[in-house]
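Text of my_file.txt, listed as compact mmCIF, C-alpha atoms:
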# COMPACT_ATOMS: atom_id res chain seq x y z
CA MET A 1 75.40 73.92 107.92
CA ILE A 2 72.32 72.36 106.36
CA LEU A 3 69.63 71.89 108.98
CA PRO A 4 67.06 69.11 108.57
CA LYS A 5 63.49 69.93 107.55
CA PHE A 6 61.84 68.38 110.59
CA TYR A 7 62.57 70.00 113.92
CA CYS A 8 61.45 68.28 117.10
CA ILE A 9 60.93 70.47 120.18
CA THR A 10 60.89 68.52 123.42
CA ASP A 11 58.26 68.60 126.12
CA ARG A 12 58.77 65.72 128.48
CA LYS A 13 55.31 66.21 129.98
CA LYS A 14 53.77 65.29 126.63
CA PHE A 15 56.15 62.41 125.95
CA LYS A 16 54.76 58.89 126.08
CA LYS A 17 58.09 57.41 127.19
CA PRO A 18 60.84 58.61 129.57
CA PHE A 19 62.81 61.50 128.07
CA LYS A 20 65.93 59.77 126.75
CA GLU A 21 63.97 56.75 125.56
CA GLN A 22 61.57 59.01 123.65
CA ILE A 23 64.39 60.99 122.03
CA LEU A 24 66.23 57.82 121.04
CA TYR A 25 63.01 56.42 119.60
CA LEU A 26 62.55 59.58 117.51
CA ALA A 27 66.18 59.45 116.35
CA LYS A 28 65.67 55.86 115.28
CA GLU A 29 62.57 56.98 113.39
CA GLY A 30 64.71 59.48 111.49
CA ILE A 31 64.43 62.77 113.40
CA ARG A 32 67.78 64.56 113.26
CA LEU A 33 67.06 67.92 114.84
CA PHE A 34 66.04 68.47 118.45
CA GLN A 35 65.54 71.44 120.70
CA ILE A 36 65.59 70.69 124.40
CA ARG A 37 62.99 73.02 125.85
CA GLU A 38 62.12 72.16 129.43
CA LYS A 39 61.56 75.54 130.98
CA ASP A 40 60.68 74.38 134.47
CA LEU A 41 64.05 72.71 135.15
CA SER A 42 66.82 74.22 137.26
CA SER A 43 70.07 75.06 135.47
CA GLU A 44 71.58 71.94 136.95
CA GLU A 45 68.78 69.65 135.80
CA LEU A 46 68.74 71.18 132.32
CA PHE A 47 72.52 70.90 132.04
CA TYR A 48 72.53 67.20 132.85
CA LEU A 49 69.49 66.50 130.68
CA CYS A 50 71.26 68.10 127.71
CA LYS A 51 74.51 66.32 128.51
CA GLU A 52 72.87 62.91 128.82
CA THR A 53 70.76 63.45 125.71
CA LYS A 54 73.85 64.32 123.71
CA GLU A 55 75.62 61.22 124.99
CA ALA A 56 72.60 59.02 124.27
CA LEU A 57 72.46 60.32 120.70
CA LYS A 58 76.13 59.69 120.01
CA GLY A 59 76.22 57.58 116.85
CA TYR A 60 73.26 59.45 115.35
CA ASP A 61 74.14 62.40 113.17
CA VAL A 62 71.90 64.85 115.02
CA PHE A 63 71.70 68.55 115.69
CA ILE A 64 70.87 69.52 119.27
CA PHE A 65 69.73 72.96 120.39
CA VAL A 66 68.82 74.11 123.88
CA ASN A 67 66.23 76.74 124.60
CA ASP A 68 67.53 80.13 125.78
CA ARG A 69 70.66 78.94 127.65
CA VAL A 70 73.64 80.09 125.63
CA ASP A 71 75.98 78.97 128.41
CA ILE A 72 74.74 75.38 128.38
CA ALA A 73 74.89 75.23 124.57
CA TYR A 74 78.48 76.46 124.63
CA ILE A 75 79.75 74.36 127.53
CA LEU A 76 78.30 71.15 126.06
CA ASN A 77 79.26 71.93 122.46
CA LEU A 78 75.68 71.65 121.32
CA THR A 79 74.74 72.81 117.82
CA GLY A 80 73.34 76.01 119.17
CA VAL A 81 70.73 77.88 121.10
CA HIS A 82 67.12 78.66 120.31
CA LEU A 83 65.97 82.00 121.67
CA PRO A 84 62.48 82.89 122.79
CA GLU A 85 61.21 86.28 121.66
CA LYS A 86 62.53 87.89 124.85
CA SER A 87 66.13 86.84 125.18
CA ILE A 88 69.73 88.01 124.96
CA PRO A 89 70.33 90.02 121.75
CA ILE A 90 71.51 87.81 118.88
CA LYS A 91 74.35 90.11 117.89
CA ASP A 92 75.84 89.92 121.38
CA ILE A 93 75.66 86.13 121.33
CA LYS A 94 77.20 85.94 117.86
CA SER A 95 80.05 88.26 118.76
CA LYS A 96 81.06 86.20 121.82
CA PHE A 97 80.10 82.71 120.60
CA PRO A 98 80.64 82.83 116.83
CA ASP A 99 80.39 79.06 116.40
CA LEU A 100 76.95 78.68 117.94
CA ILE A 101 74.00 78.41 115.57
CA VAL A 102 71.28 80.76 116.78
CA GLY A 103 67.56 80.38 116.13
CA LYS A 104 64.79 82.71 117.20
CA SER A 105 61.05 82.49 117.79
CA CYS A 106 59.16 85.11 115.81
CA HIS A 107 55.51 86.02 115.84
CA SER A 108 55.43 88.90 113.36
CA ILE A 109 57.02 89.84 110.06
CA GLU A 110 58.80 92.71 111.81
CA SER A 111 60.42 90.42 114.38
CA ALA A 112 61.38 87.94 111.62
CA LYS A 113 63.11 90.70 109.65
CA LYS A 114 64.80 91.96 112.80
CA ALA A 115 66.04 88.46 113.69
CA GLU A 116 67.51 88.08 110.20
CA GLU A 117 69.22 91.48 110.39
CA GLU A 118 70.69 90.64 113.80
CA GLY A 119 72.23 87.43 112.49
CA ALA A 120 69.79 84.64 113.32
CA ASP A 121 70.58 81.46 111.41
CA TYR A 122 66.95 80.42 111.25
CA ILE A 123 63.61 81.36 112.77
CA PHE A 124 60.43 79.75 113.98
CA TYR A 125 57.27 81.45 112.76
CA SER A 126 54.20 80.79 114.85
CA PRO A 127 51.46 79.99 115.42
CA ILE A 128 50.43 78.89 111.92
CA PHE A 129 47.22 77.24 113.09
CA ALA A 130 45.15 77.83 116.22
CA VAL A 131 46.85 76.68 119.42
CA GLU A 132 45.22 77.10 122.81
CA GLY A 133 46.75 79.91 124.80
CA LYS A 134 48.74 81.30 121.85
CA ASP A 135 48.31 84.37 119.62
CA LYS A 136 45.89 84.57 116.71
CA PRO A 137 47.07 82.10 114.04
CA LYS A 138 48.99 83.45 111.05
CA GLY A 139 47.49 80.93 108.63
CA LEU A 140 49.19 79.72 105.48
CA GLU A 141 48.89 83.19 103.96
CA GLY A 142 50.69 84.71 106.93
CA LEU A 143 53.39 82.09 106.52
CA LYS A 144 53.77 82.91 102.82
CA ASP A 145 54.07 86.59 103.72
CA VAL A 146 56.98 85.98 106.06
CA LEU A 147 58.69 83.78 103.47
CA LYS A 148 58.66 86.73 101.06
CA ASN A 149 60.35 88.90 103.67
CA VAL A 150 63.30 86.85 104.94
CA LYS A 151 65.95 84.71 103.27
CA ILE A 152 67.04 82.62 106.28
CA PRO A 153 65.34 79.24 106.87
CA VAL A 154 61.87 79.51 108.38
CA TYR A 155 60.31 76.68 110.36
CA ALA A 156 56.54 76.75 110.58
CA LEU A 157 55.28 76.03 114.09
CA GLY A 158 51.93 75.72 115.82
CA GLY A 159 49.03 73.37 115.26
CA ILE A 160 50.71 71.38 112.52
CA ASN A 161 49.58 67.75 112.27
CA LYS A 162 49.64 64.92 109.77
CA GLN A 163 46.49 66.21 108.09
CA ASN A 164 47.74 69.73 107.35
CA LEU A 165 51.46 69.00 107.02
CA GLN A 166 51.48 68.77 103.24
CA GLU A 167 49.78 72.11 102.72
CA VAL A 168 52.29 73.72 105.10
CA LEU A 169 55.19 72.26 103.12
CA ASN A 170 53.55 73.38 99.87
CA THR A 171 54.07 77.02 100.90
CA GLY A 172 57.76 76.52 100.23
CA VAL A 173 58.63 76.86 103.92
CA TYR A 174 62.05 75.48 104.85
CA GLY A 175 60.74 73.09 107.47
CA VAL A 176 58.32 72.28 110.22
CA ALA A 177 58.90 72.49 113.97
CA SER A 178 56.63 70.78 116.44
CA ILE A 179 56.29 69.13 119.79
CA ARG A 180 53.24 66.98 119.04
CA LEU A 181 53.59 66.12 115.34
CA PHE A 182 56.45 63.70 115.85
CA LEU A 183 54.64 62.04 118.74
CA GLU A 184 51.66 61.08 116.57
CA GLU A 185 51.39 57.42 115.70
CA ASP A 186 52.83 56.41 112.34
CA PHE A 187 54.31 59.84 111.75
CA MET B 188 91.26 89.47 143.03
CA ILE B 189 90.39 90.77 146.47
CA LEU B 190 86.65 90.85 146.94
CA PRO B 191 85.10 93.40 149.33
CA LYS B 192 83.73 92.29 152.70
CA PHE B 193 80.20 93.54 152.14
CA TYR B 194 78.22 91.85 149.39
CA CYS B 195 74.89 93.31 148.35
CA ILE B 196 72.38 90.95 146.72
CA THR B 197 69.66 92.75 144.79
CA ASP B 198 65.93 92.28 145.11
CA ARG B 199 64.16 95.10 143.34
CA LYS B 200 60.88 94.23 145.06
CA LYS B 201 62.43 95.15 148.41
CA PHE B 202 64.18 98.27 147.14
CA LYS B 203 62.88 101.62 148.31
CA LYS B 204 63.96 103.36 145.09
CA PRO B 205 63.94 102.33 141.40
CA PHE B 206 66.60 99.71 140.67
CA LYS B 207 69.40 101.78 139.18
CA GLU B 208 68.82 104.64 141.58
CA GLN B 209 69.02 102.25 144.56
CA ILE B 210 72.22 100.63 143.29
CA LEU B 211 73.82 104.00 142.63
CA TYR B 212 72.81 105.15 146.11
CA LEU B 213 74.44 102.06 147.64
CA ALA B 214 77.58 102.58 145.54
CA LYS B 215 77.76 106.16 146.79
CA GLU B 216 77.39 104.83 150.34
CA GLY B 217 80.43 102.63 149.76
CA ILE B 218 79.09 99.24 148.63
CA ARG B 219 81.46 97.80 146.05
CA LEU B 220 80.09 94.31 145.43
CA PHE B 221 76.72 93.51 143.92
CA GLN B 222 74.95 90.40 142.76
CA ILE B 223 72.04 91.00 140.43
CA ARG B 224 69.52 88.39 141.41
CA GLU B 225 66.12 88.99 139.87
CA LYS B 226 64.89 85.50 139.16
CA ASP B 227 61.51 86.41 137.70
CA LEU B 228 62.94 88.36 134.75
CA SER B 229 63.18 87.04 131.19
CA SER B 230 66.67 86.58 129.78
CA GLU B 231 66.18 89.76 127.80
CA GLU B 232 65.10 91.83 130.80
CA LEU B 233 67.92 90.46 132.96
CA PHE B 234 70.47 91.09 130.21
CA TYR B 235 69.49 94.75 129.87
CA LEU B 236 69.22 95.25 133.64
CA CYS B 237 72.79 93.96 134.04
CA LYS B 238 74.03 96.00 131.11
CA GLU B 239 72.44 99.23 132.35
CA THR B 240 73.58 98.63 135.92
CA LYS B 241 77.15 98.15 134.75
CA GLU B 242 76.96 101.36 132.71
CA ALA B 243 75.42 103.27 135.62
CA LEU B 244 78.22 102.12 137.92
CA LYS B 245 80.99 103.14 135.55
CA GLY B 246 83.28 105.37 137.56
CA TYR B 247 82.78 103.31 140.70
CA ASP B 248 85.30 100.56 141.24
CA VAL B 249 82.70 97.83 141.71
CA PHE B 250 82.41 94.08 141.27
CA ILE B 251 79.20 92.89 139.62
CA PHE B 252 77.95 89.32 139.64
CA VAL B 253 74.79 87.93 138.09
CA ASN B 254 72.87 85.01 139.53
CA ASP B 255 73.09 81.74 137.60
CA ARG B 256 73.47 83.13 134.05
CA VAL B 257 77.02 82.36 132.96
CA ASP B 258 76.21 83.58 129.44
CA ILE B 259 75.11 87.03 130.60
CA ALA B 260 78.16 87.37 132.89
CA TYR B 261 80.48 86.47 130.02
CA ILE B 262 78.81 88.56 127.30
CA LEU B 263 78.74 91.66 129.50
CA ASN B 264 82.21 91.15 131.00
CA LEU B 265 80.82 91.14 134.51
CA THR B 266 83.06 90.06 137.37
CA GLY B 267 81.44 86.66 137.45
CA VAL B 268 78.49 84.47 138.17
CA HIS B 269 76.93 83.39 141.44
CA LEU B 270 75.48 79.90 141.32
CA PRO B 271 72.51 78.65 143.28
CA GLU B 272 72.91 75.21 144.83
CA LYS B 273 71.41 73.58 141.71
CA SER B 274 73.32 74.96 138.77
CA ILE B 275 75.84 74.14 136.06
CA PRO B 276 78.89 72.35 137.53
CA ILE B 277 81.64 74.79 138.52
CA LYS B 278 84.42 72.80 136.83
CA ASP B 279 82.60 72.99 133.48
CA ILE B 280 82.17 76.74 133.83
CA LYS B 281 85.81 77.23 134.84
CA SER B 282 87.12 75.15 131.93
CA LYS B 283 85.19 77.16 129.33
CA PHE B 284 85.20 80.59 131.00
CA PRO B 285 88.46 80.69 132.96
CA ASP B 286 88.28 84.43 133.60
CA LEU B 287 84.91 84.43 135.31
CA ILE B 288 84.87 84.52 139.10
CA VAL B 289 82.46 81.86 140.34
CA GLY B 290 80.61 81.91 143.64
CA LYS B 291 78.26 79.28 145.00
CA SER B 292 75.46 79.12 147.55
CA CYS B 293 76.06 76.42 150.13
CA HIS B 294 73.84 75.16 152.90
CA SER B 295 75.98 72.40 154.39
CA ILE B 296 79.62 71.75 155.19
CA GLU B 297 79.64 69.00 152.56
CA SER B 298 78.46 71.32 149.81
CA ALA B 299 80.95 73.99 150.93
CA LYS B 300 83.83 71.51 150.69
CA LYS B 301 82.56 70.27 147.32
CA ALA B 302 82.31 73.84 145.98
CA GLU B 303 85.90 74.51 147.04
CA GLU B 304 87.14 71.29 145.44
CA GLU B 305 85.34 72.11 142.21
CA GLY B 306 87.02 75.50 142.00
CA ALA B 307 84.58 78.01 143.49
CA ASP B 308 86.26 81.34 144.22
CA TYR B 309 84.01 82.03 147.19
CA ILE B 310 80.84 80.71 148.79
CA PHE B 311 77.76 81.94 150.56
CA TYR B 312 76.89 80.00 153.70
CA SER B 313 73.30 80.28 154.79
CA PRO B 314 71.07 80.79 156.62
CA ILE B 315 73.04 81.93 159.65
CA PHE B 316 69.97 83.20 161.50
CA ALA B 317 66.30 82.29 161.12
CA VAL B 318 64.78 83.45 157.82
CA GLU B 319 61.16 82.74 156.92
CA GLY B 320 60.85 79.99 154.36
CA LYS B 321 64.50 78.94 154.62
CA ASP B 322 66.26 75.95 156.19
CA LYS B 323 67.02 75.65 159.88
CA PRO B 324 69.58 78.33 160.79
CA LYS B 325 73.23 77.29 161.11
CA GLY B 326 73.93 79.74 163.91
CA LEU B 327 77.31 81.26 164.66
CA GLU B 328 78.63 77.84 165.69
CA GLY B 329 77.62 76.38 162.31
CA LEU B 330 79.36 79.27 160.61
CA LYS B 331 82.55 78.64 162.61
CA ASP B 332 82.38 74.97 161.63
CA VAL B 333 82.33 75.75 157.93
CA LEU B 334 85.21 78.22 158.35
CA LYS B 335 87.32 75.38 159.75
CA ASN B 336 86.57 73.27 156.68
CA VAL B 337 87.23 75.55 153.70
CA LYS B 338 89.97 78.00 152.80
CA ILE B 339 88.12 80.06 150.16
CA PRO B 340 86.29 83.22 151.26
CA VAL B 341 82.97 82.55 152.99
CA TYR B 342 80.20 85.15 153.08
CA ALA B 343 77.68 84.70 155.87
CA LEU B 344 74.11 85.15 154.65
CA GLY B 345 70.65 85.05 156.19
CA GLY B 346 69.03 87.14 158.88
CA ILE B 347 72.02 89.41 159.41
CA ASN B 348 71.17 92.90 160.62
CA LYS B 349 72.87 95.85 162.27
CA GLN B 350 72.33 94.33 165.72
CA ASN B 351 74.03 90.98 165.06
CA LEU B 352 76.54 92.08 162.41
CA GLN B 353 79.45 92.48 164.79
CA GLU B 354 79.10 89.01 166.30
CA VAL B 355 78.99 87.55 162.77
CA LEU B 356 82.19 89.38 161.84
CA ASN B 357 83.78 88.23 165.12
CA THR B 358 83.68 84.62 163.88
CA GLY B 359 86.45 85.49 161.43
CA VAL B 360 84.16 85.08 158.42
CA TYR B 361 85.46 86.74 155.26
CA GLY B 362 82.37 88.87 154.73
CA VAL B 363 78.64 89.33 154.93
CA ALA B 364 76.12 89.02 152.11
CA SER B 365 72.63 90.39 152.39
CA ILE B 366 69.66 91.85 150.62
CA ARG B 367 68.15 93.72 153.54
CA LEU B 368 71.14 94.79 155.65
CA PHE B 369 72.29 97.45 153.22
CA LEU B 370 68.78 98.81 152.88
CA GLU B 371 68.53 99.56 156.60
CA GLU B 372 68.71 103.21 157.56
CA ASP B 373 72.11 104.51 158.59
CA PHE B 374 73.82 101.31 157.63
Could the structure of this file be written out as structure tokens, please?
Amino acid sequence: MILPKFYCITDRKKFKKPFKEQILYLAKEGIRLFQIREKDLSSEELFYLCKETKEALKGYDVFIFVNDRVDIAYILNLTGVHLPEKSIPIKDIKSKFPDLIVGKSCHSIESAKKAEEEGADYIFYSPIFAVEGKDKPKGLEGLKDVLKNVKIPVYALGGINKQNLQEVLNTGVYGVASIRLFLEEDF
Amino acid sequence: MILPKFYCITDRKKFKKPFKEQILYLAKEGIRLFQIREKDLSSEELFYLCKETKEALKGYDVFIFVNDRVDIAYILNLTGVHLPEKSIPIKDIKSKFPDLIVGKSCHSIESAKKAEEEGADYIFYSPIFAVEGKDKPKGLEGLKDVLKNVKIPVYALGGINKQNLQEVLNTGVYGVASIRLFLEEDF
């Protein structure tokens, strides 16, 4: 499976339009990879949001992940699940759900290497730039370091905007994940 | 599968001993049915708590459920999953995970009937007696009403203690679920 380079993480509280409308707008603009990450929802609300988003995107050739909920990914035949740093072990997920694509959030070279060893299909590496309330930024040098240490696709995440996007891509990183970037005007 | 009559729901903050020690103590006292319900834990913490509890209870013939997380129940081969009122639809769980036993929390006759129709294996009906922060109690008459309306096992939950236990059982209810009851001295 070849994942797209641009990876949109949802946050309906930052969206300018209602959830489905915003996602459809982004799909029309060319985004093909989404992670539904709405941590405050009940299982029921998240299930139906994922289900309705999938239905709304029928006709677009998109990849849809859900944050942390392996069960919802599997029941709805989503592309896969994206795991926060503290989640169910990847090898246990892979052994029971071999068809799910599994991504993992990593914040150190050690956790990136561990995720690769355990069978992650891709990782997020973050934060690249300063983001309020997050760890010390890794910087472009930190990003290059992780790229030397793992072979699976790495998505750079954290503080990426239109101004610094090109220098992030110049590191040779596989792609860029973001909530805000794709919400900027004229992205 | 014949489920036991007494159903212990965990809440480690109310336990008098460390989690595993408390569960083992209860198993030694004769409790054979547990639901691990620790809603503040990360997926990782909950996964390992369930895994370690199952290992600790090896040798006891127990049934172990986990609250809401179908994925954790399936990966760890637990007995099943207990769903809060707002969760993934039972029919979707049953179609993808036919071997999992599925319970559901119900707070009205309508939701009890719906849970049965959708394929729930048992339900909780609550609160029977007054519990701080919960809905208006159903009372023993409310409990009898629900028993007339569903055929699947009903566990009475909410405010049940040693003093009122017998009158609850006298309604003909299948069993009693509780956090506190089994922590009382000389239960």
Exercise. Might you pull out every residue within 12 Å of A:Glu185, with all atoms listed in the file counted and same-chain residues fewer than 3 positions away left off, and present them as number ranges by chain?
Key: A: 16, 26, 29, 161-162, 180-182
So that I have them on file, write out the residues from the current selection with C-alpha atoms, as a short mmCIF file (atom, residue, chain, number, x, y, z; two decimals), keeping the file's coordinate frame.
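Generated file (result.cif):
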data_model
loop_
_atom_site.label_atom_id
_atom_site.label_comp_id
_atom_site.auth_asym_id
_atom_site.auth_seq_id
_atom_site.Cartn_x
_atom_site.Cartn_y
_atom_site.Cartn_z
CA LYS A 16 54.76 58.89 126.08
CA LEU A 26 62.55 59.58 117.51
CA GLU A 29 62.57 56.98 113.39
CA ASN A 161 49.58 67.75 112.27
CA LYS A 162 49.64 64.92 109.77
CA ARG A 180 53.24 66.98 119.04
CA LEU A 181 53.59 66.12 115.34
CA PHE A 182 56.45 63.70 115.85
#
With the cut-off set at 6 Å and counting all atoms listed in the file, tabulate each residue of chain A with an atom at most that distance from an atom of chain B, showing the nearest atom pair and its distance in Å to one decimal, ordered by chain and increasing number, as JSON lines.
{"residue": "A:Ser43", "atom": "CA", "partner": "B:Ser274", "partner_atom": "CA", "distance": 4.6}
{"residue": "A:Glu44", "atom": "CA", "partner": "B:Ser274", "partner_atom": "CA", "distance": 3.9}
{"residue": "A:Val70", "atom": "CA", "partner": "B:Asp258", "partner_atom": "CA", "distance": 5.8}
{"residue": "A:Asp71", "atom": "CA", "partner": "B:Asp258", "partner_atom": "CA", "distance": 4.7}
{"residue": "A:Lys86", "atom": "CA", "partner": "B:Glu231", "partner_atom": "CA", "distance": 5.1}
{"residue": "A:Ser87", "atom": "CA", "partner": "B:Glu231", "partner_atom": "CA", "distance": 3.9}
{"residue": "A:Ile88", "atom": "CA", "partner": "B:Glu231", "partner_atom": "CA", "distance": 4.9}
Quiz item: Could you name the residues that touch stretch 145-155 of chain A at 9 Å or less, counting only C-alpha atoms, but leaving out those on the same chain fewer than 4 positions away, as an MDAnalysis selection string?
Solution: chainID A and resid 3 5:7 108:109 112:113 116 120:126 140:141 171:177
Using the file's own x, y and z axes, so that the box edges lie along x, y and z, what centre and edge lengths in Å (one decimal) does a box around every listed atom of stretch 5-16 of chain A get when 3 Å is added on each side? Give it as AutoDock Vina command-line options.
--center_x 58.6 --center_y 64.7 --center_z 118.8 --size_x 15.7 --size_y 17.6 --size_z 28.4
Practice problem: List the neighbours of B:Gly267 out to 6 Å using only C-alpha atoms; skip same-chain residues closer than 5 positions along the sequence, and give me the result as a list of chain:residue names. | Solution: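 Contacts, with the query itself left out: B:Phe252, B:Ala260, B:Leu287, B:Ile288, B:Val289.
Residue neighbourhood of A:Asp11, excluding near-sequence residues (fewer than 4 positions): Phe15, Arg37, Glu38 and Ile179 of chain A, at 7 Å, using only C-alpha atoms.
Distances here use all atoms listed in the file; by that measure, the residue among A:Gln35, A:Ile2, A:Lys51, A:Asp40 closest to A:Asn67 is A:Gln35.
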Practice problem: Report the distance between atom CA of B:Gly329 and atom CA of B:Thr266 in Å, rounded to one decimal place. | Solution: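 Going from atom CA of B:Gly329 over to atom CA of B:Thr266 covers 29.0 Å.
Reported to one decimal place, the separation of atom CA of B:Gln209 from atom CA of B:Val249 is 14.7 Å.
Coordinates place atom CA of A:Lys104 at a distance of 8.6 Å from atom CA of A:Ile90.
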Practice problem: Go through A:Tyr25, A:Phe19, A:Phe34, A:Tyr60 and flag the residue nearest A:Val81, using all atoms listed in the file for the distances. | Solution: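 Going through A:Tyr25, A:Phe19, A:Phe34, A:Tyr60 one by one, the smallest distance to A:Val81 is for A:Phe34.
With distances restricted to all atoms listed in the file, B:Lys201 is the closest residue to B:Glu371 from B:Arg219, B:Lys201, B:Leu244, B:His294.
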Take the structure in the block and write a file for stretch 105-119 of chain A, N, CA, C and O atoms, as an mmCIF file, in the first residue's frame.
data_model
loop_
_atom_site.group_PDB
_atom_site.id
_atom_site.type_symbol
_atom_site.label_atom_id
_atom_site.label_comp_id
_atom_site.auth_asym_id
_atom_site.auth_seq_id
_atom_site.Cartn_x
_atom_site.Cartn_y
_atom_site.Cartn_z
ATOM 1 N N SER A 105 2.529 7.120 16.866
ATOM 2 C CA SER A 105 3.139 8.413 17.207
ATOM 3 C C SER A 105 4.423 8.190 17.978
ATOM 4 O O SER A 105 4.415 7.492 18.998
ATOM 5 N N CYS A 106 5.508 8.802 17.513
ATOM 6 C CA CYS A 106 6.798 8.633 18.181
ATOM 7 C C CYS A 106 7.401 9.996 18.488
ATOM 8 O O CYS A 106 7.270 10.934 17.700
ATOM 9 N N HIS A 107 8.080 10.046 19.615
ATOM 10 C CA HIS A 107 8.665 11.312 20.043
ATOM 11 C C HIS A 107 10.150 11.158 20.380
ATOM 12 O O HIS A 107 10.742 12.038 20.983
ATOM 13 N N SER A 108 10.720 10.017 20.015
ATOM 14 C CA SER A 108 12.158 9.822 20.220
ATOM 15 C C SER A 108 12.640 8.807 19.191
ATOM 16 O O SER A 108 11.839 8.033 18.640
ATOM 17 N N ILE A 109 13.943 8.812 18.950
ATOM 18 C CA ILE A 109 14.506 7.844 18.005
ATOM 19 C C ILE A 109 14.288 6.418 18.524
ATOM 20 O O ILE A 109 13.957 5.515 17.766
ATOM 21 N N GLU A 110 14.416 6.257 19.823
ATOM 22 C CA GLU A 110 14.221 4.927 20.424
ATOM 23 C C GLU A 110 12.806 4.415 20.160
ATOM 24 O O GLU A 110 12.613 3.264 19.782
ATOM 25 N N SER A 111 11.807 5.276 20.364
ATOM 26 C CA SER A 111 10.429 4.795 20.165
ATOM 27 C C SER A 111 10.150 4.570 18.679
ATOM 28 O O SER A 111 9.382 3.674 18.317
ATOM 29 N N ALA A 112 10.802 5.337 17.803
ATOM 30 C CA ALA A 112 10.646 5.119 16.354
ATOM 31 C C ALA A 112 11.216 3.751 15.969
ATOM 32 O O ALA A 112 10.577 2.978 15.235
ATOM 33 N N LYS A 113 12.402 3.441 16.481
ATOM 34 C CA LYS A 113 13.019 2.143 16.173
ATOM 35 C C LYS A 113 12.177 0.995 16.739
ATOM 36 O O LYS A 113 11.994 -0.039 16.088
ATOM 37 N N LYS A 114 11.655 1.210 17.929
ATOM 38 C CA LYS A 114 10.822 0.181 18.566
ATOM 39 C C LYS A 114 9.541 -0.043 17.751
ATOM 40 O O LYS A 114 9.122 -1.185 17.525
ATOM 41 N N ALA A 115 8.925 1.049 17.300
ATOM 42 C CA ALA A 115 7.695 0.921 16.506
ATOM 43 C C ALA A 115 7.976 0.138 15.228
ATOM 44 O O ALA A 115 7.194 -0.743 14.843
ATOM 45 N N GLU A 116 9.094 0.439 14.590
ATOM 46 C CA GLU A 116 9.458 -0.295 13.359
ATOM 47 C C GLU A 116 9.667 -1.782 13.648
ATOM 48 O O GLU A 116 9.133 -2.642 12.942
ATOM 49 N N GLU A 117 10.401 -2.069 14.696
ATOM 50 C CA GLU A 117 10.647 -3.475 15.076
ATOM 51 C C GLU A 117 9.343 -4.219 15.352
ATOM 52 O O GLU A 117 9.203 -5.392 15.022
ATOM 53 N N GLU A 118 8.400 -3.527 15.991
ATOM 54 C CA GLU A 118 7.134 -4.179 16.371
ATOM 55 C C GLU A 118 6.167 -4.333 15.208
ATOM 56 O O GLU A 118 5.107 -4.930 15.363
ATOM 57 N N GLY A 119 6.501 -3.717 14.067
ATOM 58 C CA GLY A 119 5.661 -3.931 12.884
ATOM 59 C C GLY A 119 4.815 -2.752 12.452
ATOM 60 O O GLY A 119 3.907 -2.917 11.628
#
